>>> print(open('run_18.cif').read())   # mmCIF, N, CA, C and O atoms
data_protein
loop_
_atom_site.group_PDB
_atom_site.id
_atom_site.type_symbol
_atom_site.label_atom_id
_atom_site.label_comp_id
_atom_site.auth_asym_id
_atom_site.auth_seq_id
_atom_site.Cartn_x
_atom_site.Cartn_y
_atom_site.Cartn_z
ATOM 1 N N MET A 158 -12.047 87.754 -23.175
ATOM 2 C CA MET A 158 -10.612 87.813 -23.105
ATOM 3 C C MET A 158 -10.147 88.492 -21.830
ATOM 4 O O MET A 158 -8.984 88.394 -21.503
ATOM 5 N N THR A 159 -11.018 89.137 -21.165
ATOM 6 C CA THR A 159 -10.660 89.739 -19.889
ATOM 7 C C THR A 159 -10.190 88.668 -18.920
ATOM 8 O O THR A 159 -9.293 88.900 -18.118
ATOM 9 N N GLU A 160 -10.775 87.468 -19.009
ATOM 10 C CA GLU A 160 -10.391 86.383 -18.116
ATOM 11 C C GLU A 160 -8.915 86.033 -18.257
ATOM 12 O O GLU A 160 -8.258 85.692 -17.287
ATOM 13 N N SER A 161 -8.405 86.118 -19.486
ATOM 14 C CA SER A 161 -6.994 85.784 -19.686
ATOM 15 C C SER A 161 -6.097 86.769 -18.947
ATOM 16 O O SER A 161 -5.079 86.377 -18.380
ATOM 17 N N ASN A 162 -6.464 88.051 -18.941
ATOM 18 C CA ASN A 162 -5.672 89.050 -18.219
ATOM 19 C C ASN A 162 -5.704 88.800 -16.723
ATOM 20 O O ASN A 162 -4.694 88.930 -16.046
ATOM 21 N N VAL A 163 -6.863 88.444 -16.210
ATOM 22 C CA VAL A 163 -7.002 88.193 -14.775
ATOM 23 C C VAL A 163 -6.165 86.994 -14.367
ATOM 24 O O VAL A 163 -5.559 86.983 -13.304
ATOM 25 N N ASN A 164 -6.120 85.991 -15.219
ATOM 26 C CA ASN A 164 -5.365 84.780 -14.921
ATOM 27 C C ASN A 164 -3.886 84.899 -15.271
ATOM 28 O O ASN A 164 -3.128 83.962 -15.073
ATOM 29 N N GLY A 165 -3.483 86.026 -15.826
ATOM 30 C CA GLY A 165 -2.083 86.242 -16.155
ATOM 31 C C GLY A 165 -1.604 85.449 -17.358
ATOM 32 O O GLY A 165 -0.419 85.176 -17.484
ATOM 33 N N LYS A 166 -2.517 85.064 -18.224
ATOM 34 C CA LYS A 166 -2.158 84.299 -19.416
ATOM 35 C C LYS A 166 -2.489 85.102 -20.661
ATOM 36 O O LYS A 166 -3.351 85.966 -20.642
ATOM 37 N N SER A 167 -1.802 84.756 -21.754
ATOM 38 C CA SER A 167 -2.154 85.367 -23.027
ATOM 39 C C SER A 167 -3.467 84.755 -23.496
ATOM 40 O O SER A 167 -3.924 83.741 -22.970
ATOM 41 N N VAL A 168 -4.054 85.343 -24.500
ATOM 42 C CA VAL A 168 -5.286 84.807 -25.074
ATOM 43 C C VAL A 168 -5.034 83.383 -25.565
ATOM 44 O O VAL A 168 -5.862 82.499 -25.402
ATOM 45 N N PHE A 169 -3.866 83.156 -26.146
ATOM 46 C CA PHE A 169 -3.554 81.843 -26.686
ATOM 47 C C PHE A 169 -3.359 80.809 -25.586
ATOM 48 O O PHE A 169 -3.737 79.657 -25.737
ATOM 49 N N GLY A 170 -2.777 81.220 -24.476
ATOM 50 C CA GLY A 170 -2.581 80.301 -23.361
ATOM 51 C C GLY A 170 -3.871 80.002 -22.613
ATOM 52 O O GLY A 170 -4.061 78.906 -22.100
ATOM 53 N N TYR A 171 -4.747 80.982 -22.551
ATOM 54 C CA TYR A 171 -5.998 80.810 -21.822
ATOM 55 C C TYR A 171 -6.982 79.951 -22.607
ATOM 56 O O TYR A 171 -7.582 79.036 -22.075
ATOM 57 N N ASN A 172 -7.160 80.269 -23.889
ATOM 58 C CA ASN A 172 -8.096 79.520 -24.724
ATOM 59 C C ASN A 172 -7.589 79.535 -26.159
ATOM 60 O O ASN A 172 -7.939 80.404 -26.940
ATOM 61 N N PRO A 173 -6.748 78.548 -26.515
ATOM 62 C CA PRO A 173 -6.139 78.546 -27.841
ATOM 63 C C PRO A 173 -7.137 78.441 -28.996
ATOM 64 O O PRO A 173 -6.813 78.766 -30.120
ATOM 65 N N LYS A 174 -8.349 77.999 -28.713
ATOM 66 C CA LYS A 174 -9.349 77.846 -29.780
ATOM 67 C C LYS A 174 -10.311 79.023 -29.859
ATOM 68 O O LYS A 174 -11.294 78.979 -30.584
ATOM 69 N N ASN A 175 -10.006 80.095 -29.143
ATOM 70 C CA ASN A 175 -10.846 81.281 -29.171
ATOM 71 C C ASN A 175 -10.827 81.876 -30.582
ATOM 72 O O ASN A 175 -9.759 82.120 -31.145
ATOM 73 N N PRO A 176 -11.997 82.121 -31.184
ATOM 74 C CA PRO A 176 -12.043 82.646 -32.551
ATOM 75 C C PRO A 176 -11.303 83.973 -32.731
ATOM 76 O O PRO A 176 -10.712 84.209 -33.784
ATOM 77 N N VAL A 177 -11.324 84.812 -31.727
ATOM 78 C CA VAL A 177 -10.619 86.092 -31.832
ATOM 79 C C VAL A 177 -9.111 85.855 -31.876
ATOM 80 O O VAL A 177 -8.398 86.457 -32.678
ATOM 81 N N GLY A 178 -8.623 84.977 -31.048
ATOM 82 C CA GLY A 178 -7.201 84.650 -31.050
ATOM 83 C C GLY A 178 -6.767 84.020 -32.361
ATOM 84 O O GLY A 178 -5.703 84.336 -32.892
ATOM 85 N N ILE A 179 -7.596 83.148 -32.897
ATOM 86 C CA ILE A 179 -7.306 82.504 -34.177
ATOM 87 C C ILE A 179 -7.266 83.548 -35.286
ATOM 88 O O ILE A 179 -6.371 83.541 -36.129
ATOM 89 N N ALA A 180 -8.213 84.462 -35.287
ATOM 90 C CA ALA A 180 -8.247 85.520 -36.299
ATOM 91 C C ALA A 180 -7.027 86.433 -36.163
ATOM 92 O O ALA A 180 -6.424 86.835 -37.166
ATOM 93 N N TYR A 181 -6.646 86.742 -34.931
ATOM 94 C CA TYR A 181 -5.481 87.599 -34.707
ATOM 95 C C TYR A 181 -4.213 86.918 -35.217
ATOM 96 O O TYR A 181 -3.360 87.541 -35.851
ATOM 97 N N GLU A 182 -4.098 85.629 -34.971
ATOM 98 C CA GLU A 182 -2.934 84.889 -35.447
ATOM 99 C C GLU A 182 -2.895 84.876 -36.979
ATOM 100 O O GLU A 182 -1.830 85.054 -37.587
ATOM 101 N N ALA A 183 -4.046 84.690 -37.612
ATOM 102 C CA ALA A 183 -4.112 84.696 -39.074
ATOM 103 C C ALA A 183 -3.712 86.067 -39.622
ATOM 104 O O ALA A 183 -2.976 86.152 -40.612
ATOM 105 N N LEU A 184 -4.186 87.122 -38.993
ATOM 106 C CA LEU A 184 -3.814 88.473 -39.409
ATOM 107 C C LEU A 184 -2.312 88.687 -39.267
ATOM 108 O O LEU A 184 -1.654 89.236 -40.158
ATOM 109 N N THR A 185 -1.762 88.237 -38.168
ATOM 110 C CA THR A 185 -0.332 88.375 -37.930
ATOM 111 C C THR A 185 0.467 87.674 -39.022
ATOM 112 O O THR A 185 1.428 88.232 -39.566
ATOM 113 N N GLN A 186 0.066 86.467 -39.371
ATOM 114 C CA GLN A 186 0.753 85.729 -40.426
ATOM 115 C C GLN A 186 0.644 86.449 -41.770
ATOM 116 O O GLN A 186 1.594 86.496 -42.543
ATOM 117 N N GLU A 187 -0.521 87.011 -42.031
ATOM 118 C CA GLU A 187 -0.714 87.750 -43.279
ATOM 119 C C GLU A 187 0.197 88.971 -43.351
ATOM 120 O O GLU A 187 0.809 89.252 -44.389
ATOM 121 N N VAL A 188 0.318 89.681 -42.254
ATOM 122 C CA VAL A 188 1.187 90.862 -42.207
ATOM 123 C C VAL A 188 2.647 90.450 -42.408
ATOM 124 O O VAL A 188 3.386 91.099 -43.153
ATOM 125 N N ILE A 189 3.053 89.355 -41.775
ATOM 126 C CA ILE A 189 4.428 88.876 -41.931
ATOM 127 C C ILE A 189 4.705 88.504 -43.389
ATOM 128 O O ILE A 189 5.744 88.874 -43.944
ATOM 129 N N GLU A 190 3.776 87.789 -44.017
ATOM 130 C CA GLU A 190 3.962 87.401 -45.419
ATOM 131 C C GLU A 190 3.985 88.625 -46.334
ATOM 132 O O GLU A 190 4.766 88.678 -47.282
ATOM 133 N N HIS A 191 3.157 89.601 -46.033
ATOM 134 C CA HIS A 191 3.140 90.840 -46.817
ATOM 135 C C HIS A 191 4.484 91.557 -46.705
ATOM 136 O O HIS A 191 5.047 92.025 -47.695
ATOM 137 N N ASP A 192 5.013 91.615 -45.502
ATOM 138 C CA ASP A 192 6.300 92.258 -45.269
ATOM 139 C C ASP A 192 7.411 91.535 -46.021
ATOM 140 O O ASP A 192 8.282 92.166 -46.622
ATOM 141 N N LYS A 193 7.386 90.205 -46.020
ATOM 142 C CA LYS A 193 8.384 89.428 -46.753
ATOM 143 C C LYS A 193 8.290 89.707 -48.250
ATOM 144 O O LYS A 193 9.319 89.838 -48.919
ATOM 145 N N ALA A 194 7.070 89.790 -48.768
ATOM 146 C CA ALA A 194 6.875 90.068 -50.196
ATOM 147 C C ALA A 194 7.414 91.450 -50.546
ATOM 148 O O ALA A 194 8.077 91.618 -51.577
ATOM 149 N N LEU A 195 7.148 92.436 -49.708
ATOM 150 C CA LEU A 195 7.675 93.787 -49.958
ATOM 151 C C LEU A 195 9.194 93.796 -49.945
ATOM 152 O O LEU A 195 9.823 94.473 -50.763
ATOM 153 N N GLU A 196 9.773 93.058 -49.036
ATOM 154 C CA GLU A 196 11.226 92.988 -48.963
ATOM 155 C C GLU A 196 11.799 92.354 -50.233
ATOM 156 O O GLU A 196 12.814 92.819 -50.767
ATOM 157 N N ARG A 197 11.162 91.316 -50.751
ATOM 158 C CA ARG A 197 11.617 90.697 -51.999
ATOM 159 C C ARG A 197 11.520 91.678 -53.160
ATOM 160 O O ARG A 197 12.433 91.777 -53.986
ATOM 161 N N ILE A 198 10.436 92.445 -53.203
ATOM 162 C CA ILE A 198 10.258 93.441 -54.265
ATOM 163 C C ILE A 198 11.342 94.505 -54.173
ATOM 164 O O ILE A 198 11.959 94.867 -55.171
ATOM 165 N N ARG A 199 11.617 94.989 -52.991
ATOM 166 C CA ARG A 199 12.665 96.008 -52.802
ATOM 167 C C ARG A 199 14.020 95.473 -53.252
ATOM 168 O O ARG A 199 14.800 96.161 -53.906
ATOM 169 N N ARG A 200 14.303 94.231 -52.880
ATOM 170 C CA ARG A 200 15.566 93.616 -53.264
ATOM 171 C C ARG A 200 15.664 93.472 -54.787
ATOM 172 O O ARG A 200 16.701 93.763 -55.379
ATOM 173 N N ASP A 201 14.570 93.052 -55.417
ATOM 174 C CA ASP A 201 14.551 92.906 -56.876
ATOM 175 C C ASP A 201 14.741 94.257 -57.567
ATOM 176 O O ASP A 201 15.443 94.339 -58.586
ATOM 177 N N VAL A 202 14.141 95.300 -57.039
ATOM 178 C CA VAL A 202 14.289 96.633 -57.632
ATOM 179 C C VAL A 202 15.729 97.092 -57.507
ATOM 180 O O VAL A 202 16.306 97.615 -58.458
ATOM 181 N N GLN A 203 16.335 96.860 -56.352
ATOM 182 C CA GLN A 203 17.742 97.259 -56.149
ATOM 183 C C GLN A 203 18.650 96.486 -57.100
ATOM 184 O O GLN A 203 19.600 97.038 -57.641
ATOM 185 N N THR A 204 18.364 95.216 -57.292
ATOM 186 C CA THR A 204 19.175 94.387 -58.188
ATOM 187 C C THR A 204 19.033 94.841 -59.627
ATOM 188 O O THR A 204 20.006 94.830 -60.389
ATOM 189 N N ALA A 205 17.858 95.276 -60.014
ATOM 190 C CA ALA A 205 17.599 95.692 -61.387
ATOM 191 C C ALA A 205 18.258 97.028 -61.730
ATOM 192 O O ALA A 205 18.445 97.331 -62.904
ATOM 193 N N ARG A 206 18.614 97.797 -60.736
ATOM 194 C CA ARG A 206 19.207 99.125 -60.996
ATOM 195 C C ARG A 206 20.641 99.037 -61.400
ATOM 196 O O ARG A 206 21.470 98.384 -61.204
#
>>> encode(input="run_18.cif", output="structure tokens")
Amino acid sequence: MTESNVNGKSVFGYNPKNPVGIAYEALTQEVIEHDKALERIRRDVQTAR
């Protein structure tokens, strides 16, 4: 991934099929979905009060 920095590109722009980049994207999506679920739970708790 050092090559991407030298070339001024993100990991995704340099090599979109890089396993590390793919794993990072999957983690990012998981965190986003987790955050959405927590927000729904908070909203439901507020509504129930």
>>> atom_distance(input="run_18.cif", atom1="atom C of Ile198 (chain A)", atom2="atom N of Leu184 (chain A)")
22.9 Å
>>> select_by_dssp(input="run_18.cif", residues="chain A", states="alpha helix (DSSP H)", output="VMD selection string")
chain A and resid 159 to 163 168 to 171 176 to 205
>>> axis_aligned_box(input="run_18.cif", around="region 173-176 of chain A", padding_each_side="4 Å", output="JSON")
{"center_x": -9.1, "center_y": 81.0, "center_z": -30.1, "size_x": 13.9, "size_y": 14.4, "size_z": 15.3}
>>> atom_distance(input="run_18.cif", atom1="atom C of Val168 (chain A)", atom2="atom C of Tyr181 (chain A)")
10.3 Å
>>> atom_distance(input="run_18.cif", atom1="atom C of Ala205 (chain A)", atom2="atom N of Ile189 (chain A)")
26.2 Å
>>> build_atoms(input="run_18.cif", residues="region 194-205 of chain A", atoms="all heavy atoms", output="PDB file, in the frame of the given file")
ATOM      1  N   ALA A 194       7.070  89.790 -48.768  1.00  0.00           N
ATOM      2  CA  ALA A 194       6.875  90.068 -50.196  1.00  0.00           C
ATOM      3  C   ALA A 194       7.414  91.450 -50.546  1.00  0.00           C
ATOM      4  O   ALA A 194       8.077  91.618 -51.577  1.00  0.00           O
ATOM      5  CB  ALA A 194       5.401  89.955 -50.566  1.00  0.00           C
ATOM      6  N   LEU A 195       7.148  92.436 -49.708  1.00  0.00           N
ATOM      7  CA  LEU A 195       7.675  93.787 -49.958  1.00  0.00           C
ATOM      8  C   LEU A 195       9.194  93.796 -49.945  1.00  0.00           C
ATOM      9  O   LEU A 195       9.823  94.473 -50.763  1.00  0.00           O
ATOM     10  CB  LEU A 195       7.144  94.768 -48.913  1.00  0.00           C
ATOM     11  CG  LEU A 195       5.739  95.282 -49.118  1.00  0.00           C
ATOM     12  CD1 LEU A 195       5.323  96.174 -47.947  1.00  0.00           C
ATOM     13  CD2 LEU A 195       5.635  96.060 -50.416  1.00  0.00           C
ATOM     14  N   GLU A 196       9.773  93.058 -49.036  1.00  0.00           N
ATOM     15  CA  GLU A 196      11.226  92.988 -48.963  1.00  0.00           C
ATOM     16  C   GLU A 196      11.799  92.354 -50.233  1.00  0.00           C
ATOM     17  O   GLU A 196      12.814  92.819 -50.767  1.00  0.00           O
ATOM     18  CB  GLU A 196      11.670  92.203 -47.727  1.00  0.00           C
ATOM     19  CG  GLU A 196      13.155  92.253 -47.467  1.00  0.00           C
ATOM     20  CD  GLU A 196      13.688  93.661 -47.324  1.00  0.00           C
ATOM     21  OE1 GLU A 196      13.005  94.511 -46.734  1.00  0.00           O
ATOM     22  OE2 GLU A 196      14.802  93.922 -47.825  1.00  0.00           O
ATOM     23  N   ARG A 197      11.162  91.316 -50.751  1.00  0.00           N
ATOM     24  CA  ARG A 197      11.617  90.697 -51.999  1.00  0.00           C
ATOM     25  C   ARG A 197      11.520  91.678 -53.160  1.00  0.00           C
ATOM     26  O   ARG A 197      12.433  91.777 -53.986  1.00  0.00           O
ATOM     27  CB  ARG A 197      10.784  89.444 -52.306  1.00  0.00           C
ATOM     28  CG  ARG A 197      11.178  88.238 -51.479  1.00  0.00           C
ATOM     29  CD  ARG A 197      10.540  86.964 -51.998  1.00  0.00           C
ATOM     30  NE  ARG A 197       9.087  87.002 -51.975  1.00  0.00           N
ATOM     31  CZ  ARG A 197       8.325  86.622 -50.955  1.00  0.00           C
ATOM     32  NH1 ARG A 197       8.880  86.164 -49.852  1.00  0.00           N
ATOM     33  NH2 ARG A 197       7.013  86.679 -51.036  1.00  0.00           N
ATOM     34  N   ILE A 198      10.436  92.445 -53.203  1.00  0.00           N
ATOM     35  CA  ILE A 198      10.258  93.441 -54.265  1.00  0.00           C
ATOM     36  C   ILE A 198      11.342  94.505 -54.173  1.00  0.00           C
ATOM     37  O   ILE A 198      11.959  94.867 -55.171  1.00  0.00           O
ATOM     38  CB  ILE A 198       8.849  94.075 -54.206  1.00  0.00           C
ATOM     39  CG1 ILE A 198       7.796  93.038 -54.593  1.00  0.00           C
ATOM     40  CG2 ILE A 198       8.763  95.310 -55.092  1.00  0.00           C
ATOM     41  CD1 ILE A 198       6.373  93.460 -54.289  1.00  0.00           C
ATOM     42  N   ARG A 199      11.617  94.989 -52.991  1.00  0.00           N
ATOM     43  CA  ARG A 199      12.665  96.008 -52.802  1.00  0.00           C
ATOM     44  C   ARG A 199      14.020  95.473 -53.252  1.00  0.00           C
ATOM     45  O   ARG A 199      14.800  96.161 -53.906  1.00  0.00           O
ATOM     46  CB  ARG A 199      12.729  96.443 -51.351  1.00  0.00           C
ATOM     47  CG  ARG A 199      11.589  97.320 -50.929  1.00  0.00           C
ATOM     48  CD  ARG A 199      11.779  97.808 -49.501  1.00  0.00           C
ATOM     49  NE  ARG A 199      10.613  98.540 -49.078  1.00  0.00           N
ATOM     50  CZ  ARG A 199       9.864  98.239 -48.038  1.00  0.00           C
ATOM     51  NH1 ARG A 199      10.170  97.216 -47.260  1.00  0.00           N
ATOM     52  NH2 ARG A 199       8.804  98.953 -47.727  1.00  0.00           N
ATOM     53  N   ARG A 200      14.303  94.231 -52.880  1.00  0.00           N
ATOM     54  CA  ARG A 200      15.566  93.616 -53.264  1.00  0.00           C
ATOM     55  C   ARG A 200      15.664  93.472 -54.787  1.00  0.00           C
ATOM     56  O   ARG A 200      16.701  93.763 -55.379  1.00  0.00           O
ATOM     57  CB  ARG A 200      15.684  92.262 -52.569  1.00  0.00           C
ATOM     58  CG  ARG A 200      17.074  91.718 -52.508  1.00  0.00           C
ATOM     59  CD  ARG A 200      17.217  90.475 -51.629  1.00  0.00           C
ATOM     60  NE  ARG A 200      16.131  89.515 -51.788  1.00  0.00           N
ATOM     61  CZ  ARG A 200      15.271  89.182 -50.815  1.00  0.00           C
ATOM     62  NH1 ARG A 200      15.371  89.742 -49.620  1.00  0.00           N
ATOM     63  NH2 ARG A 200      14.327  88.303 -51.023  1.00  0.00           N
ATOM     64  N   ASP A 201      14.570  93.052 -55.417  1.00  0.00           N
ATOM     65  CA  ASP A 201      14.551  92.906 -56.876  1.00  0.00           C
ATOM     66  C   ASP A 201      14.741  94.257 -57.567  1.00  0.00           C
ATOM     67  O   ASP A 201      15.443  94.339 -58.586  1.00  0.00           O
ATOM     68  CB  ASP A 201      13.231  92.265 -57.346  1.00  0.00           C
ATOM     69  CG  ASP A 201      13.138  90.802 -56.940  1.00  0.00           C
ATOM     70  OD1 ASP A 201      14.159  90.216 -56.517  1.00  0.00           O
ATOM     71  OD2 ASP A 201      12.019  90.244 -57.050  1.00  0.00           O
ATOM     72  N   VAL A 202      14.141  95.300 -57.039  1.00  0.00           N
ATOM     73  CA  VAL A 202      14.289  96.633 -57.632  1.00  0.00           C
ATOM     74  C   VAL A 202      15.729  97.092 -57.507  1.00  0.00           C
ATOM     75  O   VAL A 202      16.306  97.615 -58.458  1.00  0.00           O
ATOM     76  CB  VAL A 202      13.321  97.636 -56.968  1.00  0.00           C
ATOM     77  CG1 VAL A 202      13.670  99.064 -57.333  1.00  0.00           C
ATOM     78  CG2 VAL A 202      11.886  97.309 -57.352  1.00  0.00           C
ATOM     79  N   GLN A 203      16.335  96.860 -56.352  1.00  0.00           N
ATOM     80  CA  GLN A 203      17.742  97.259 -56.149  1.00  0.00           C
ATOM     81  C   GLN A 203      18.650  96.486 -57.100  1.00  0.00           C
ATOM     82  O   GLN A 203      19.600  97.038 -57.641  1.00  0.00           O
ATOM     83  CB  GLN A 203      18.165  97.021 -54.705  1.00  0.00           C
ATOM     84  CG  GLN A 203      17.599  98.015 -53.714  1.00  0.00           C
ATOM     85  CD  GLN A 203      18.107  99.400 -53.979  1.00  0.00           C
ATOM     86  OE1 GLN A 203      17.593 100.109 -54.825  1.00  0.00           O
ATOM     87  NE2 GLN A 203      19.121  99.813 -53.238  1.00  0.00           N
ATOM     88  N   THR A 204      18.364  95.216 -57.292  1.00  0.00           N
ATOM     89  CA  THR A 204      19.175  94.387 -58.188  1.00  0.00           C
ATOM     90  C   THR A 204      19.033  94.841 -59.627  1.00  0.00           C
ATOM     91  O   THR A 204      20.006  94.830 -60.389  1.00  0.00           O
ATOM     92  CB  THR A 204      18.756  92.896 -58.065  1.00  0.00           C
ATOM     93  OG1 THR A 204      18.892  92.494 -56.699  1.00  0.00           O
ATOM     94  CG2 THR A 204      19.597  92.012 -58.939  1.00  0.00           C
ATOM     95  N   ALA A 205      17.858  95.276 -60.014  1.00  0.00           N
ATOM     96  CA  ALA A 205      17.599  95.692 -61.387  1.00  0.00           C
ATOM     97  C   ALA A 205      18.258  97.028 -61.730  1.00  0.00           C
ATOM     98  O   ALA A 205      18.445  97.331 -62.904  1.00  0.00           O
ATOM     99  CB  ALA A 205      16.094  95.786 -61.635  1.00  0.00           C
TER     100      ALA A 205
END
